[in-house]
Structures are given as structure tokens and as C-alpha cells.
>>> print(open('structure_22.pdb').read())   # PDB, C-alpha atoms, pLDDT in the B column
ATOM      1  CA  MET A   1     -85.859 -26.077  38.647  1.00 62.00           C
ATOM      2  CA  ASN A   2     -89.353 -24.919  37.808  1.00 69.00           C
ATOM      3  CA  MET A   3     -91.853 -26.981  35.808  1.00 67.00           C
ATOM      4  CA  LYS A   4     -91.368 -24.988  32.606  1.00 68.00           C
ATOM      5  CA  ASN A   5     -87.616 -25.653  32.603  1.00 64.00           C
ATOM      6  CA  LEU A   6     -88.242 -29.336  33.396  1.00 58.00           C
ATOM      7  CA  TYR A   7     -90.583 -29.649  30.389  1.00 62.00           C
ATOM      8  CA  ILE A   8     -88.025 -27.955  28.150  1.00 63.00           C
ATOM      9  CA  LEU A   9     -85.283 -30.292  29.392  1.00 58.00           C
ATOM     10  CA  ILE A  10     -87.465 -33.369  28.780  1.00 64.00           C
ATOM     11  CA  ALA A  11     -88.354 -32.096  25.293  1.00 60.00           C
ATOM     12  CA  ILE A  12     -84.659 -31.560  24.431  1.00 64.00           C
ATOM     13  CA  ILE A  13     -83.716 -35.044  25.651  1.00 64.00           C
ATOM     14  CA  ALA A  14     -86.621 -36.624  23.742  1.00 56.00           C
ATOM     15  CA  LEU A  15     -85.714 -34.716  20.570  1.00 57.00           C
ATOM     16  CA  ALA A  16     -82.062 -35.758  20.839  1.00 54.00           C
ATOM     17  CA  PHE A  17     -83.077 -39.391  21.327  1.00 54.00           C
ATOM     18  CA  PHE A  18     -85.538 -39.252  18.426  1.00 52.00           C
ATOM     19  CA  ASN A  19     -82.942 -37.727  16.062  1.00 49.00           C
ATOM     20  CA  SER A  20     -80.291 -40.287  16.948  1.00 46.00           C
ATOM     21  CA  SER A  21     -82.675 -43.236  16.526  1.00 49.00           C
ATOM     22  CA  CYS A  22     -83.829 -42.035  13.080  1.00 58.00           C
ATOM     23  CA  ARG A  23     -80.404 -42.031  11.479  1.00 61.00           C
ATOM     24  CA  LYS A  24     -80.403 -44.684   8.844  1.00 77.00           C
ATOM     25  CA  GLU A  25     -77.249 -46.663   8.256  1.00 89.00           C
ATOM     26  CA  PRO A  26     -76.209 -47.868   4.800  1.00 91.00           C
ATOM     27  CA  GLY A  27     -78.018 -51.024   3.752  1.00 89.00           C
ATOM     28  CA  GLU A  28     -81.363 -52.223   2.489  1.00 90.00           C
ATOM     29  CA  GLY A  29     -84.546 -50.234   2.918  1.00 91.00           C
ATOM     30  CA  GLY A  30     -84.130 -47.463   0.341  1.00 94.00           C
ATOM     31  CA  ALA A  31     -84.771 -46.868  -3.341  1.00 95.00           C
ATOM     32  CA  ALA A  32     -81.213 -46.503  -4.692  1.00 97.00           C
ATOM     33  CA  LYS A  33     -79.248 -49.195  -6.494  1.00 97.00           C
ATOM     34  CA  ILE A  34     -75.741 -50.142  -7.613  1.00 98.00           C
ATOM     35  CA  THR A  35     -75.306 -51.825 -10.998  1.00 98.00           C
ATOM     36  CA  GLY A  36     -72.478 -53.077 -13.163  1.00 98.00           C
ATOM     37  CA  LYS A  37     -71.189 -55.884 -15.375  1.00 98.00           C
ATOM     38  CA  LEU A  38     -68.348 -58.409 -15.116  1.00 98.00           C
ATOM     39  CA  TRP A  39     -66.036 -59.187 -18.022  1.00 98.00           C
ATOM     40  CA  VAL A  40     -63.805 -62.293 -17.883  1.00 98.00           C
ATOM     41  CA  LYS A  41     -60.357 -62.672 -19.371  1.00 97.00           C
ATOM     42  CA  ASP A  42     -59.930 -66.445 -19.501  1.00 95.00           C
ATOM     43  CA  TYR A  43     -56.289 -67.584 -19.235  1.00 94.00           C
ATOM     44  CA  ASN A  44     -54.717 -71.031 -19.546  1.00 92.00           C
ATOM     45  CA  ASN A  45     -53.694 -72.891 -16.359  1.00 86.00           C
ATOM     46  CA  SER A  46     -50.240 -71.319 -16.240  1.00 85.00           C
ATOM     47  CA  GLY A  47     -51.657 -67.839 -16.846  1.00 85.00           C
ATOM     48  CA  THR A  48     -49.413 -67.249 -19.847  1.00 89.00           C
ATOM     49  CA  SER A  49     -51.908 -67.359 -22.685  1.00 93.00           C
ATOM     50  CA  LEU A  50     -55.305 -65.709 -23.079  1.00 94.00           C
ATOM     51  CA  ASN A  51     -57.878 -68.299 -24.197  1.00 96.00           C
ATOM     52  CA  GLY A  52     -60.748 -65.863 -24.672  1.00 97.00           C
ATOM     53  CA  GLU A  53     -62.876 -63.086 -23.223  1.00 98.00           C
ATOM     54  CA  TYR A  54     -66.584 -63.035 -22.416  1.00 98.00           C
ATOM     55  CA  TRP A  55     -69.290 -61.700 -20.102  1.00 98.00           C
ATOM     56  CA  ALA A  56     -69.128 -63.408 -16.711  1.00 97.00           C
ATOM     57  CA  SER A  57     -72.353 -65.339 -16.178  1.00 97.00           C
ATOM     58  CA  GLU A  58     -73.076 -66.948 -12.792  1.00 98.00           C
ATOM     59  CA  TYR A  59     -70.195 -65.224 -10.957  1.00 98.00           C
ATOM     60  CA  ASP A  60     -70.528 -63.950  -7.377  1.00 98.00           C
ATOM     61  CA  VAL A  61     -70.446 -60.209  -6.649  1.00 98.00           C
ATOM     62  CA  TYR A  62     -70.435 -59.086  -3.010  1.00 98.00           C
ATOM     63  CA  ILE A  63     -71.440 -55.872  -1.217  1.00 98.00           C
ATOM     64  CA  ILE A  64     -70.433 -54.448   2.156  1.00 98.00           C
ATOM     65  CA  TYR A  65     -72.681 -51.848   3.775  1.00 97.00           C
ATOM     66  CA  GLY A  66     -70.847 -48.968   5.462  1.00 95.00           C
ATOM     67  CA  GLU A  67     -67.494 -49.550   7.121  1.00 92.00           C
ATOM     68  CA  GLY A  68     -67.922 -53.278   7.744  1.00 91.00           C
ATOM     69  CA  THR A  69     -65.401 -55.920   6.756  1.00 91.00           C
ATOM     70  CA  ALA A  70     -67.656 -58.932   6.132  1.00 95.00           C
ATOM     71  CA  TYR A  71     -69.977 -58.969   3.137  1.00 96.00           C
ATOM     72  CA  ASP A  72     -73.649 -58.182   3.721  1.00 97.00           C
ATOM     73  CA  ASP A  73     -75.145 -59.514   0.491  1.00 97.00           C
ATOM     74  CA  ARG A  74     -74.173 -61.474  -2.616  1.00 98.00           C
ATOM     75  CA  TYR A  75     -75.509 -61.410  -6.167  1.00 97.00           C
ATOM     76  CA  ARG A  76     -74.886 -63.950  -8.940  1.00 98.00           C
ATOM     77  CA  THR A  77     -74.399 -62.288 -12.293  1.00 98.00           C
ATOM     78  CA  SER A  78     -76.920 -62.816 -15.080  1.00 98.00           C
ATOM     79  CA  TYR A  79     -76.213 -64.416 -18.465  1.00 98.00           C
ATOM     80  CA  ASP A  80     -74.782 -61.099 -19.718  1.00 98.00           C
ATOM     81  CA  GLY A  81     -72.509 -60.478 -16.712  1.00 98.00           C
ATOM     82  CA  SER A  82     -74.824 -57.873 -15.189  1.00 98.00           C
ATOM     83  CA  PHE A  83     -75.484 -57.441 -11.489  1.00 98.00           C
ATOM     84  CA  GLU A  84     -77.466 -55.052  -9.318  1.00 97.00           C
ATOM     85  CA  PHE A  85     -77.967 -54.415  -5.652  1.00 98.00           C
ATOM     86  CA  LYS A  86     -81.385 -52.802  -5.167  1.00 97.00           C
ATOM     87  CA  TYR A  87     -83.260 -51.036  -2.392  1.00 97.00           C
ATOM     88  CA  LEU A  88     -80.225 -49.337  -0.863  1.00 97.00           C
ATOM     89  CA  ARG A  89     -80.190 -46.313   1.444  1.00 97.00           C
ATOM     90  CA  LYS A  90     -77.779 -43.388   1.366  1.00 96.00           C
ATOM     91  CA  GLY A  91     -74.277 -44.194   2.567  1.00 97.00           C
ATOM     92  CA  LEU A  92     -70.951 -45.799   1.748  1.00 97.00           C
ATOM     93  CA  TYR A  93     -70.692 -49.194   0.057  1.00 98.00           C
ATOM     94  CA  LYS A  94     -67.960 -51.514  -1.153  1.00 98.00           C
ATOM     95  CA  VAL A  95     -68.659 -53.884  -4.039  1.00 98.00           C
ATOM     96  CA  PHE A  96     -66.086 -56.600  -4.625  1.00 98.00           C
ATOM     97  CA  VAL A  97     -65.317 -59.630  -6.764  1.00 98.00           C
ATOM     98  CA  TYR A  98     -62.577 -62.226  -6.796  1.00 97.00           C
ATOM     99  CA  SER A  99     -60.174 -62.504  -9.711  1.00 96.00           C
ATOM    100  CA  ARG A 100     -57.379 -64.915 -10.547  1.00 94.00           C
ATOM    101  CA  ASP A 101     -53.911 -63.529  -9.826  1.00 91.00           C
ATOM    102  CA  ILE A 102     -52.231 -63.217 -13.281  1.00 88.00           C
ATOM    103  CA  PRO A 103     -49.302 -63.647 -13.373  1.00 81.00           C
ATOM    104  CA  TYR A 104     -49.164 -66.029 -10.421  1.00 78.00           C
ATOM    105  CA  ASN A 105     -47.811 -64.345  -7.307  1.00 81.00           C
ATOM    106  CA  PRO A 106     -45.997 -66.819  -4.993  1.00 82.00           C
ATOM    107  CA  SER A 107     -46.581 -64.522  -2.001  1.00 85.00           C
ATOM    108  CA  ASN A 108     -50.337 -65.053  -2.514  1.00 85.00           C
ATOM    109  CA  PRO A 109     -50.874 -68.823  -2.161  1.00 87.00           C
ATOM    110  CA  SER A 110     -54.630 -68.614  -2.849  1.00 89.00           C
ATOM    111  CA  GLY A 111     -53.928 -67.442  -6.403  1.00 88.00           C
ATOM    112  CA  ARG A 112     -56.864 -65.015  -6.098  1.00 92.00           C
ATOM    113  CA  THR A 113     -57.022 -61.277  -5.663  1.00 94.00           C
ATOM    114  CA  THR A 114     -59.899 -59.000  -4.708  1.00 96.00           C
ATOM    115  CA  ILE A 115     -61.147 -56.158  -6.894  1.00 97.00           C
ATOM    116  CA  ILE A 116     -62.969 -53.598  -4.743  1.00 97.00           C
ATOM    117  CA  LYS A 117     -65.053 -50.613  -5.894  1.00 98.00           C
ATOM    118  CA  SER A 118     -66.016 -48.092  -3.206  1.00 97.00           C
ATOM    119  CA  VAL A 119     -69.080 -45.927  -3.854  1.00 97.00           C
ATOM    120  CA  GLU A 120     -71.265 -43.477  -2.000  1.00 97.00           C
ATOM    121  CA  ILE A 121     -74.988 -43.156  -2.490  1.00 97.00           C
ATOM    122  CA  THR A 122     -75.964 -39.559  -1.797  1.00 97.00           C
ATOM    123  CA  ASP A 123     -79.536 -39.460  -3.125  1.00 95.00           C
ATOM    124  CA  LYS A 124     -82.377 -41.762  -2.137  1.00 93.00           C
ATOM    125  CA  ASN A 125     -83.253 -42.616  -5.779  1.00 96.00           C
ATOM    126  CA  GLN A 126     -79.701 -42.690  -7.119  1.00 97.00           C
ATOM    127  CA  ILE A 127     -78.460 -45.354  -9.527  1.00 98.00           C
ATOM    128  CA  VAL A 128     -74.696 -45.885  -9.350  1.00 98.00           C
ATOM    129  CA  ASP A 129     -73.313 -47.688 -12.397  1.00 98.00           C
ATOM    130  CA  LEU A 130     -69.904 -49.215 -11.758  1.00 98.00           C
ATOM    131  CA  GLY A 131     -69.497 -49.922 -15.460  1.00 98.00           C
ATOM    132  CA  THR A 132     -67.555 -52.986 -16.558  1.00 98.00           C
ATOM    133  CA  ILE A 133     -65.265 -54.700 -14.056  1.00 98.00           C
ATOM    134  CA  GLU A 134     -62.616 -56.964 -15.607  1.00 98.00           C
ATOM    135  CA  ILE A 135     -61.607 -60.154 -13.849  1.00 97.00           C
ATOM    136  CA  ASN A 136     -59.166 -62.909 -14.713  1.00 96.00           C
ATOM    137  CA  ASP A 137     -60.085 -66.563 -14.643  1.00 92.00           C
TER
END
>>> encode(input="structure_22.pdb", output="C-alpha cells")
Amino acid sequence: MNMKNLYILIAIIALAFFNSSCRKEPGEGGAAKITGKLWVKDYNNSGTSLNGEYWASEYDVYIIYGEGTAYDDRYRTSYDGSFEFKYLRKGLYKVFVYSRDIPYNPSNPSGRTTIIKSVEITDKNQIVDLGTIEIND
């Protein structure tokens, strides 16, 4: 192999390494955000009667970056039920909240169910609004 071919080979390897190391995974470090609001349907203890409905203040909302299974960040809703995850990069995300299982399902002893919204951020400045998510409590 002559020197010219060796330089070309080294340049190709370096370029391939540089391109693979620059791929950004979903997560923090960008300018996009995901927003939404939580609405509570408040039931009695037996889950048979609706006591009232209101914006969910101080409830936990979770986000998973990419294809993971454990949550990466948590946000507590504001007084008006709003939440937002800021500074996100392009990629796939799952936002989830816990809700009371109404009516009670005996095959689910925790009495809670998970509401999951999957979204994709495709633009670096994108704002994804999940709208209003209803939960039972």
C-alpha cells in the first residue's frame, strides 16, 4: 500500500469515527420542548361516584428518553396542571403519568394504571404539545 492510499484509509476511518461520535441521542442538550396539562377526575374511595374534576397541581409527570424503560426525568405540575420538559434534542420520547384504575381491576393489585404518550421531536426548536391528559384519582 502506498502512502497516498494509507492517508486516504486513515481519513476514511477518522471520518467514520467522527460521524458516529457526533450522533446525538434523545435527551437534554437541545432547544425543543414537550408540554401539556393534567386534568383530574376525582372519584370516591370505591370508584363509583365522581366527586369533582380539576387541574392536577403538584402531580408527577415522567419522561423516558429514546427506547429506555426507566424514567430519565420527572416534573411536578404547576398550579394549573401544566408541565414542560425543556432543552430536548431530536428523537423519540415517552411521557407518562399514573392514574387510578377506575373501576377497580382485581388483576391489578396496585390499583394504578399508566398513561403513556409517545412523541417524536423532529426539529431542534420544536414544541410538542400533548394537550390535556385525563387521570383518575
>>> closest_residue(input="structure_22.pdb", among="A:Tyr59, A:Tyr87, A:Tyr71, A:Phe96", to="Leu130 of chain A", atoms="only C-alpha atoms")
A:Phe96
>>> resolve_selection(input="structure_22.pdb", expression="the PyMOL selection byres ((chain A and resi 109-126) around 8)", output="list in words")
Gly30, Ala31, Ala32, Lys33, Leu88, Arg89, Lys90, Gly91, Leu92, Tyr93, Lys94, Val95, Phe96, Val97, Tyr98, Ser99, Arg100, Asp101, Tyr104, Asn105, Pro106, Ser107, Asn108, Ile127, Val128 and Leu130 of chain A
>>> resolve_selection(input="structure_22.pdb", expression="the PyMOL selection byres ((chain A and resi 38) around 6)", output="PyMOL selection string")
chain A and resi 37+39+56+81+132-134
>>> atom_distance(input="structure_22.pdb", atom1="atom CA of Gly36 of chain A", atom2="atom CA of Phe85 of chain A")
9.4 Å
>>> atom_distance(input="structure_22.pdb", atom1="atom CA of Ser46 of chain A", atom2="atom CA of Glu58 of chain A")
23.5 Å
>>> resolve_selection(input="structure_22.pdb", expression="the PyMOL selection byres ((chain A and resi 42) around 8)", output="PyMOL selection string")
chain A and resi 40-41+43-44+50-53+136-137
>>> residues_around(input="structure_22.pdb", residues="Thr35 of chain A", least_positions_apart="2", cutoff="6 Å", atoms="all atoms listed in the file", output="JSON, numbers by chain")
{"A": [83, 84, 129]}
>>> build_atoms(input="structure_22.pdb", residues="segment 24-35 of chain A", atoms="all heavy atoms", output="PDB file, in the coordinates of the input")
ATOM      1  N   LYS A  24     -80.410 -43.421   9.557  1.00 77.00           N
ATOM      2  CA  LYS A  24     -80.403 -44.684   8.844  1.00 77.00           C
ATOM      3  C   LYS A  24     -78.986 -44.995   8.392  1.00 77.00           C
ATOM      4  O   LYS A  24     -78.315 -44.174   7.804  1.00 77.00           O
ATOM      5  CB  LYS A  24     -81.333 -44.600   7.646  1.00 77.00           C
ATOM      6  CG  LYS A  24     -82.741 -44.212   8.029  1.00 77.00           C
ATOM      7  CD  LYS A  24     -83.705 -45.263   7.638  1.00 77.00           C
ATOM      8  CE  LYS A  24     -85.096 -44.768   7.828  1.00 77.00           C
ATOM      9  NZ  LYS A  24     -85.880 -45.476   8.706  1.00 77.00           N
ATOM     10  N   GLU A  25     -78.563 -46.192   8.674  1.00 89.00           N
ATOM     11  CA  GLU A  25     -77.249 -46.663   8.256  1.00 89.00           C
ATOM     12  C   GLU A  25     -77.330 -47.166   6.816  1.00 89.00           C
ATOM     13  O   GLU A  25     -78.404 -47.490   6.326  1.00 89.00           O
ATOM     14  CB  GLU A  25     -76.796 -47.794   9.182  1.00 89.00           C
ATOM     15  CG  GLU A  25     -76.646 -47.381  10.633  1.00 89.00           C
ATOM     16  CD  GLU A  25     -75.523 -46.397  10.839  1.00 89.00           C
ATOM     17  OE1 GLU A  25     -74.456 -46.555  10.230  1.00 89.00           O
ATOM     18  OE2 GLU A  25     -75.728 -45.440  11.604  1.00 89.00           O
ATOM     19  N   PRO A  26     -76.199 -47.269   6.139  1.00 91.00           N
ATOM     20  CA  PRO A  26     -76.209 -47.868   4.800  1.00 91.00           C
ATOM     21  C   PRO A  26     -76.789 -49.284   4.867  1.00 91.00           C
ATOM     22  O   PRO A  26     -76.628 -49.979   5.856  1.00 91.00           O
ATOM     23  CB  PRO A  26     -74.736 -47.903   4.409  1.00 91.00           C
ATOM     24  CG  PRO A  26     -74.083 -46.884   5.254  1.00 91.00           C
ATOM     25  CD  PRO A  26     -74.866 -46.851   6.538  1.00 91.00           C
ATOM     26  N   GLY A  27     -77.443 -49.686   3.809  1.00 89.00           N
ATOM     27  CA  GLY A  27     -78.018 -51.024   3.752  1.00 89.00           C
ATOM     28  C   GLY A  27     -79.337 -51.012   3.017  1.00 89.00           C
ATOM     29  O   GLY A  27     -79.682 -50.053   2.335  1.00 89.00           O
ATOM     30  N   GLU A  28     -80.085 -52.088   3.169  1.00 90.00           N
ATOM     31  CA  GLU A  28     -81.363 -52.223   2.489  1.00 90.00           C
ATOM     32  C   GLU A  28     -82.428 -51.373   3.169  1.00 90.00           C
ATOM     33  O   GLU A  28     -82.332 -51.080   4.350  1.00 90.00           O
ATOM     34  CB  GLU A  28     -81.784 -53.683   2.477  1.00 90.00           C
ATOM     35  CG  GLU A  28     -80.878 -54.547   1.632  1.00 90.00           C
ATOM     36  CD  GLU A  28     -81.284 -56.005   1.640  1.00 90.00           C
ATOM     37  OE1 GLU A  28     -82.187 -56.374   2.403  1.00 90.00           O
ATOM     38  OE2 GLU A  28     -80.692 -56.764   0.867  1.00 90.00           O
ATOM     39  N   GLY A  29     -83.442 -51.008   2.383  1.00 91.00           N
ATOM     40  CA  GLY A  29     -84.546 -50.234   2.918  1.00 91.00           C
ATOM     41  C   GLY A  29     -84.761 -48.933   2.167  1.00 91.00           C
ATOM     42  O   GLY A  29     -85.624 -48.157   2.527  1.00 91.00           O
ATOM     43  N   GLY A  30     -84.002 -48.695   1.108  1.00 94.00           N
ATOM     44  CA  GLY A  30     -84.130 -47.463   0.341  1.00 94.00           C
ATOM     45  C   GLY A  30     -84.590 -47.736  -1.078  1.00 94.00           C
ATOM     46  O   GLY A  30     -85.133 -48.796  -1.385  1.00 94.00           O
ATOM     47  N   ALA A  31     -84.342 -46.760  -1.949  1.00 95.00           N
ATOM     48  CA  ALA A  31     -84.771 -46.868  -3.341  1.00 95.00           C
ATOM     49  C   ALA A  31     -83.604 -46.765  -4.319  1.00 95.00           C
ATOM     50  O   ALA A  31     -83.807 -46.822  -5.524  1.00 95.00           O
ATOM     51  CB  ALA A  31     -85.796 -45.778  -3.648  1.00 95.00           C
ATOM     52  N   ALA A  32     -82.383 -46.631  -3.818  1.00 97.00           N
ATOM     53  CA  ALA A  32     -81.213 -46.503  -4.692  1.00 97.00           C
ATOM     54  C   ALA A  32     -80.710 -47.892  -5.096  1.00 97.00           C
ATOM     55  O   ALA A  32     -81.089 -48.901  -4.505  1.00 97.00           O
ATOM     56  CB  ALA A  32     -80.113 -45.734  -3.978  1.00 97.00           C
ATOM     57  N   LYS A  33     -79.850 -47.911  -6.117  1.00 97.00           N
ATOM     58  CA  LYS A  33     -79.248 -49.195  -6.494  1.00 97.00           C
ATOM     59  C   LYS A  33     -77.861 -49.001  -7.085  1.00 97.00           C
ATOM     60  O   LYS A  33     -77.508 -47.925  -7.559  1.00 97.00           O
ATOM     61  CB  LYS A  33     -80.140 -49.988  -7.433  1.00 97.00           C
ATOM     62  CG  LYS A  33     -80.373 -49.409  -8.800  1.00 97.00           C
ATOM     63  CD  LYS A  33     -81.296 -50.341  -9.577  1.00 97.00           C
ATOM     64  CE  LYS A  33     -81.721 -49.754 -10.895  1.00 97.00           C
ATOM     65  NZ  LYS A  33     -82.598 -50.660 -11.645  1.00 97.00           N
ATOM     66  N   ILE A  34     -77.089 -50.086  -7.036  1.00 98.00           N
ATOM     67  CA  ILE A  34     -75.741 -50.142  -7.613  1.00 98.00           C
ATOM     68  C   ILE A  34     -75.772 -51.230  -8.675  1.00 98.00           C
ATOM     69  O   ILE A  34     -76.205 -52.350  -8.412  1.00 98.00           O
ATOM     70  CB  ILE A  34     -74.679 -50.456  -6.541  1.00 98.00           C
ATOM     71  CG1 ILE A  34     -74.646 -49.353  -5.482  1.00 98.00           C
ATOM     72  CG2 ILE A  34     -73.309 -50.635  -7.181  1.00 98.00           C
ATOM     73  CD1 ILE A  34     -73.760 -49.668  -4.293  1.00 98.00           C
ATOM     74  N   THR A  35     -75.305 -50.878  -9.889  1.00 98.00           N
ATOM     75  CA  THR A  35     -75.306 -51.825 -10.998  1.00 98.00           C
ATOM     76  C   THR A  35     -73.906 -51.927 -11.605  1.00 98.00           C
ATOM     77  O   THR A  35     -73.038 -51.107 -11.329  1.00 98.00           O
ATOM     78  CB  THR A  35     -76.289 -51.390 -12.102  1.00 98.00           C
ATOM     79  OG1 THR A  35     -75.835 -50.153 -12.658  1.00 98.00           O
ATOM     80  CG2 THR A  35     -77.691 -51.228 -11.570  1.00 98.00           C
TER      81      THR A  35
END
